[in-house]
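The structure appears below as structure tokens.
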Amino acid sequence: IQQMQHRQRRENKMSKKNTTVPGCVAGFLGENSYIIVFVAIFIVYALTTNGLTWSGMMNVFRHSAVIGIIGLGMGLICITGEIDLSVGSMLALDGGFSVIIFNMTNSIILTFLFAVLFGAFCGLINGVMVGWIQMPAFIVTLATMLIYRSFAQYFCQHVDKALIGGGSSVYKMANSQSSYQTLYNFGNGKVSTIPIVGLILIIMTLVFVYITTSTKYGKKVYAVGSNMKGAQMAGINTAAVKISVFVIAGALVGIGAFLWIAMNASADPATTGNSYEMYAIAAAVLGGISMSGGKGKCLGILFGAMSYTIIDKIIVSLKMDSLINNAIKGIILLIVIMVQIVGPQIKQKFKKAE
């Protein structure tokens with residue numbers, strides 16, 4: 001009966017959909033703000049550079065890869081109405097330990113598998129405490145943010161120097177390993193003129209667009225974020241869903257960590273992933289993901305990640321003080337959230353007026 005009532009309310013809502021031009025425009029602004037923001041930032045980028053070049057645009061694509069992949073996981077968590085502040089520290093810890101595995105095994109495949117599985121394990125720790133024990137996600141991930149970063153720095157100082165590439169404060173892939181050049185070439189290689197890491201970002205984005213729009217699991221994720229009590233009444237195991245999104249986000253951090261060491265051949269436990277939790281959240285929000293849960297499209301995260309990268313390029317091209325970088329990003333983030341909130345409100349006003 002409840003399902004029939006829910007279906008009837010949804011059909012009534014669809015039948016009353018506003019078709020006026022102002023209402024449609026307001027709705028478009030609210031649902032596709034990521035496109036508008038990206039186009040606006042890209043136009044500014046085009047005007048402030050000496051001329052757009054294909055290599056320059058591909059460079060933006062390359063530098064957006066890691067944060068974009070992490071942002072996909074963050075977006076999934078945000079859709080359930082939760083948050084993860086530990087992804088930046090997790091990137092440093094996972095990247096550092098993956099370097100150790102590479103130096104021990106000289107195997108790219110084992111390094112990749114370790115990075116993904118260890119990331120998933122770190123995500124599982126967060127997920128169990130949030131989904132099963134029902135601790136606040138903000139507090140849990142704030143704590144694990146400190147723990148993961150501390151572990152990354154501690155082990156870098158206390159493991160055998162040969163395992164961290166002979167350095168004293170940075171995890172380095174040993175260039176004496178026969179697979180070193182292969183992995184480094186992969187991280188910095190291109191297919192035609194498109195960076196490999198950029199192609200991986202596109203593939204991962206398409207996978208998550210499919211998962212969130214065309215699978216039962218994706219519908220469950222949105223249901224939990226939209227109305228958790230309603231989802232429970234519909235028979236959805238909300239705890240399991242929340243645990244799963246944190247595990248998936250951790251696995252994506254693992255992929256990001258693998259790409260990071262492939263591109264840089266090292267991981268600095270003090271700076272790698274620094275503030276990436278904020279950048280991932282911002283990429284998700286710029287991409288149209290609602291922080292209140294239940295709304296947003298994973299496709300927008302791709303645009304959100306590239307928008308943040310382009311902002312850095314604009315600041316450099318204008319020769320502005322780099323210290324103003326985060327202030328500009330913060331202002332843009334506030335504007336986007338305002339559009340997300342105001343757009344539906346305007347649309348609702350036109351519906352009432354009609």
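Starting from 1 in every chain, residues are counted up; chains themselves are A, B, ... following the order of the structure tokens, and ligands are numbered from 1 as listed.
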
Determine, using only C-alpha atoms, which residues of segment 121-190 of chain A have any atom at most 12 Å from an atom of segment 81-84 of chain A, and tabulate each with its shortest atom pair and distance in Å to one decimal place, rows ordered by chain and then rising number, as a Markdown table.
```
| residue | atom | partner | partner_atom | distance |
| --- | --- | --- | --- | --- |
| A:Cys122 | CA | A:Asp84 | CA | 11.5 |
| A:Gly123 | CA | A:Asp84 | CA | 9.2 |
| A:Leu124 | CA | A:Asp84 | CA | 12.0 |
| A:Ile125 | CA | A:Asp84 | CA | 11.7 |
| A:Asn126 | CA | A:Asp84 | CA | 8.3 |
| A:Gly127 | CA | A:Asp84 | CA | 9.7 |
| A:Val130 | CA | A:Glu82 | CA | 8.7 |
| A:Gly131 | CA | A:Glu82 | CA | 9.8 |
| A:Gln134 | CA | A:Glu82 | CA | 11.3 |
| A:Met135 | CA | A:Glu82 | CA | 11.0 |
| A:Pro136 | CA | A:Glu82 | CA | 8.5 |
| A:Ala137 | CA | A:Ile83 | CA | 6.0 |
| A:Phe138 | CA | A:Ile83 | CA | 6.3 |
| A:Ile139 | CA | A:Asp84 | CA | 9.4 |
| A:Val140 | CA | A:Asp84 | CA | 8.4 |
| A:Thr141 | CA | A:Asp84 | CA | 5.4 |
| A:Leu142 | CA | A:Asp84 | CA | 7.9 |
| A:Ala143 | CA | A:Asp84 | CA | 10.5 |
| A:Thr144 | CA | A:Asp84 | CA | 9.4 |
| A:Met145 | CA | A:Asp84 | CA | 8.8 |
```

Atoms kept (N, CA, C and O atoms) for selection, written as an mmCIF file, in the first residue's frame:
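part.cif was written with the following content:
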```cif
data_model
loop_
_atom_site.group_PDB
_atom_site.id
_atom_site.type_symbol
_atom_site.label_atom_id
_atom_site.label_comp_id
_atom_site.auth_asym_id
_atom_site.auth_seq_id
_atom_site.Cartn_x
_atom_site.Cartn_y
_atom_site.Cartn_z
ATOM 1 N N CYS A 122 40.404 0.885 4.371
ATOM 2 C CA CYS A 122 40.315 2.153 5.098
ATOM 3 C C CYS A 122 38.895 2.709 5.026
ATOM 4 O O CYS A 122 38.363 3.236 6.011
ATOM 5 N N GLY A 123 38.274 2.593 3.861
ATOM 6 C CA GLY A 123 36.889 3.031 3.714
ATOM 7 C C GLY A 123 35.945 2.192 4.549
ATOM 8 O O GLY A 123 34.953 2.707 5.094
ATOM 9 N N LEU A 124 36.244 0.882 4.665
ATOM 10 C CA LEU A 124 35.410 -0.011 5.471
ATOM 11 C C LEU A 124 35.422 0.409 6.936
ATOM 12 O O LEU A 124 34.378 0.361 7.613
ATOM 13 N N ILE A 125 36.573 0.830 7.430
ATOM 14 C CA ILE A 125 36.673 1.298 8.812
ATOM 15 C C ILE A 125 35.717 2.474 9.026
ATOM 16 O O ILE A 125 34.953 2.519 10.001
ATOM 17 N N ASN A 126 35.765 3.424 8.099
ATOM 18 C CA ASN A 126 34.844 4.565 8.189
ATOM 19 C C ASN A 126 33.387 4.115 8.090
ATOM 20 O O ASN A 126 32.521 4.555 8.855
ATOM 21 N N GLY A 127 33.118 3.239 7.133
ATOM 22 C CA GLY A 127 31.751 2.820 6.865
ATOM 23 C C GLY A 127 31.112 2.065 8.018
ATOM 24 O O GLY A 127 29.934 2.265 8.327
ATOM 25 N N VAL A 130 30.190 4.534 10.727
ATOM 26 C CA VAL A 130 29.089 5.425 10.338
ATOM 27 C C VAL A 130 27.800 4.640 10.103
ATOM 28 O O VAL A 130 26.733 5.000 10.627
ATOM 29 N N GLY A 131 27.880 3.553 9.319
ATOM 30 C CA GLY A 131 26.675 2.831 8.936
ATOM 31 C C GLY A 131 26.172 1.848 9.969
ATOM 32 O O GLY A 131 24.961 1.741 10.188
ATOM 33 N N GLN A 134 26.638 3.748 13.733
ATOM 34 C CA GLN A 134 25.835 4.975 13.600
ATOM 35 C C GLN A 134 26.456 6.172 14.318
ATOM 36 O O GLN A 134 25.775 6.986 14.932
ATOM 37 N N MET A 135 27.777 6.268 14.205
ATOM 38 C CA MET A 135 28.468 7.459 14.692
ATOM 39 C C MET A 135 28.385 8.550 13.625
ATOM 40 O O MET A 135 28.264 8.246 12.435
ATOM 41 N N PRO A 136 28.451 9.822 14.006
ATOM 42 C CA PRO A 136 28.395 10.906 13.013
ATOM 43 C C PRO A 136 29.577 10.828 12.042
ATOM 44 O O PRO A 136 30.732 10.716 12.472
ATOM 45 N N ALA A 137 29.276 10.900 10.754
ATOM 46 C CA ALA A 137 30.325 10.772 9.737
ATOM 47 C C ALA A 137 31.373 11.868 9.870
ATOM 48 O O ALA A 137 32.570 11.634 9.648
ATOM 49 N N PHE A 138 30.943 13.069 10.231
ATOM 50 C CA PHE A 138 31.886 14.181 10.362
ATOM 51 C C PHE A 138 32.940 13.873 11.414
ATOM 52 O O PHE A 138 34.142 14.066 11.182
ATOM 53 N N ILE A 139 32.506 13.367 12.572
ATOM 54 C CA ILE A 139 33.433 13.076 13.665
ATOM 55 C C ILE A 139 34.324 11.884 13.317
ATOM 56 O O ILE A 139 35.541 11.901 13.537
ATOM 57 N N VAL A 140 33.713 10.830 12.778
ATOM 58 C CA VAL A 140 34.466 9.621 12.434
ATOM 59 C C VAL A 140 35.574 9.929 11.446
ATOM 60 O O VAL A 140 36.747 9.568 11.644
ATOM 61 N N THR A 141 35.220 10.592 10.357
ATOM 62 C CA THR A 141 36.212 10.828 9.298
ATOM 63 C C THR A 141 37.200 11.936 9.669
ATOM 64 O O THR A 141 38.304 11.973 9.140
ATOM 65 N N LEU A 142 36.799 12.827 10.573
ATOM 66 C CA LEU A 142 37.753 13.800 11.088
ATOM 67 C C LEU A 142 38.833 13.078 11.887
ATOM 68 O O LEU A 142 40.020 13.396 11.777
ATOM 69 N N ALA A 143 38.416 12.083 12.684
ATOM 70 C CA ALA A 143 39.368 11.301 13.466
ATOM 71 C C ALA A 143 40.279 10.465 12.569
ATOM 72 O O ALA A 143 41.504 10.445 12.749
ATOM 73 N N THR A 144 39.690 9.770 11.589
ATOM 74 C CA THR A 144 40.516 8.934 10.715
ATOM 75 C C THR A 144 41.393 9.782 9.801
ATOM 76 O O THR A 144 42.458 9.329 9.372
ATOM 77 N N MET A 145 40.990 11.004 9.514
ATOM 78 C CA MET A 145 41.855 11.915 8.764
ATOM 79 C C MET A 145 43.167 12.122 9.517
ATOM 80 O O MET A 145 44.257 12.053 8.933
#
```

Would you mind listing what lies within 12 Å of segment 263-265 of chain A as a count of residues only, with only C-alpha atoms counted and same-chain residues fewer than 6 positions away left out? 39

Which one of A:Ala120, A:Val336, A:Met104, A:Leu91 sits closest to Ile36 of chain A if you count only C-alpha atoms?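 Smallest separation from Ile36 of chain A among the options: A:Val336.
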
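Computed from the coordinates, the atom CA of Ile248 of chain A to atom CA of Leu76 of chain A distance equals 8.5 Å.
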
Could you tell me how far atom CA of Tyr34 of chain A sits from atom CA of Ala305 of chain A, in Å to one decimal place? 10.2 Å

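Of the residues under consideration (A:Ile67, A:Ala223, A:Ala231, A:Ile211), A:Ile67 shows the shortest atom-to-atom contact distance to Gly254 of chain A when counting only C-alpha atoms.
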
Excluding Ala270 of chain A and residues on its chain fewer than 3 positions from it, collect all residues at most 10 Å away from it, counting only C-alpha atoms, and give them as an mmCIF file with C-alpha atoms, in the first residue's frame.
```cif
data_model
loop_
_atom_site.group_PDB
_atom_site.id
_atom_site.type_symbol
_atom_site.label_atom_id
_atom_site.label_comp_id
_atom_site.auth_asym_id
_atom_site.auth_seq_id
_atom_site.Cartn_x
_atom_site.Cartn_y
_atom_site.Cartn_z
ATOM 1 C CA SER A 89 45.055 11.533 4.389
ATOM 2 C CA ALA A 92 48.871 9.782 1.435
ATOM 3 C CA LEU A 93 48.788 6.570 3.494
ATOM 4 C CA ARG A 149 48.016 11.098 8.025
ATOM 5 C CA SER A 150 49.852 10.316 11.255
ATOM 6 C CA ALA A 152 51.683 7.789 6.796
ATOM 7 C CA GLN A 153 54.291 10.037 8.423
ATOM 8 C CA SER A 169 60.824 11.677 4.624
ATOM 9 C CA VAL A 170 59.277 10.700 1.276
ATOM 10 C CA ALA A 267 54.311 10.103 -2.190
ATOM 11 C CA GLY A 273 46.519 14.705 -0.635
ATOM 12 C CA ASN A 274 46.720 17.793 1.549
#
```

For Asn50 of chain A, which of A:Ile314, A:Met338, A:Ile332, A:Leu117 is the closest residue, counting only C-alpha atoms?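 When distances to Asn50 of chain A are compared using only C-alpha atoms, the smallest one comes from A:Ile314.
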
Please report the interatomic distance between atom CA of Ser292 of chain A and atom CA of Asn237 of chain A in Å with one decimal.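 A separation of 19.7 Å between them.
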
Name the residues of segment 52-202 of chain A that come out as helix (DSSP H, G or I) in a backbone DSSP run; write them as a ChimeraX atom specification. /A:54-63,65-79,87-105,108-132,137-158,161-164,180-188,196-202

Residues at most 10 Å from Ile70 of chain A, counting only C-alpha atoms, excluding those fewer than 4 positions away in the same chain, as an mmCIF file with C-alpha atoms, in the first residue's frame?
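Written file, around-v5.cif:
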```cif
data_model
loop_
_atom_site.group_PDB
_atom_site.id
_atom_site.type_symbol
_atom_site.label_atom_id
_atom_site.label_comp_id
_atom_site.auth_asym_id
_atom_site.auth_seq_id
_atom_site.Cartn_x
_atom_site.Cartn_y
_atom_site.Cartn_z
ATOM 1 C CA ALA A 65 42.305 12.891 -12.873
ATOM 2 C CA VAL A 66 43.129 12.044 -9.254
ATOM 3 C CA MET A 74 32.852 11.575 -2.328
ATOM 4 C CA GLY A 75 29.815 12.250 -4.510
ATOM 5 C CA VAL A 87 40.186 10.917 1.759
ATOM 6 C CA GLY A 88 43.223 13.251 1.540
ATOM 7 C CA LEU A 91 45.556 9.062 -0.300
ATOM 8 C CA LEU A 201 38.818 9.433 -15.272
ATOM 9 C CA ALA A 249 35.041 5.647 -1.979
ATOM 10 C CA GLY A 250 38.079 4.069 -0.313
ATOM 11 C CA ALA A 251 38.693 1.846 -3.338
ATOM 12 C CA LEU A 252 38.543 4.927 -5.567
ATOM 13 C CA VAL A 253 41.087 6.638 -3.311
ATOM 14 C CA GLY A 254 43.220 3.523 -3.875
ATOM 15 C CA ILE A 255 42.961 3.987 -7.646
ATOM 16 C CA GLY A 256 43.843 7.640 -7.166
ATOM 17 C CA ALA A 257 46.846 6.672 -5.019
ATOM 18 C CA TYR A 276 42.035 16.921 -1.051
ATOM 19 C CA GLU A 277 39.046 16.169 1.147
ATOM 20 C CA TYR A 279 38.695 19.653 -3.092
ATOM 21 C CA ALA A 280 36.743 16.388 -3.481
ATOM 22 C CA ILE A 281 33.752 17.832 -1.647
ATOM 23 C CA ALA A 283 34.225 18.964 -6.989
ATOM 24 C CA ALA A 284 31.098 17.058 -5.977
ATOM 25 C CA ILE A 301 31.746 15.648 -10.798
ATOM 26 C CA ALA A 305 37.022 18.559 -10.870
#
```

For Lys297 of chain A, list every protein, DNA or RNA residue within 10 Å, evaluated using only C-alpha atoms, and leave out those in the same chain fewer than 6 positions away; present the list as a ChimeraX atom specification. /A:31-32,34,72,75-76,79,208-209,212-213,284,287-290
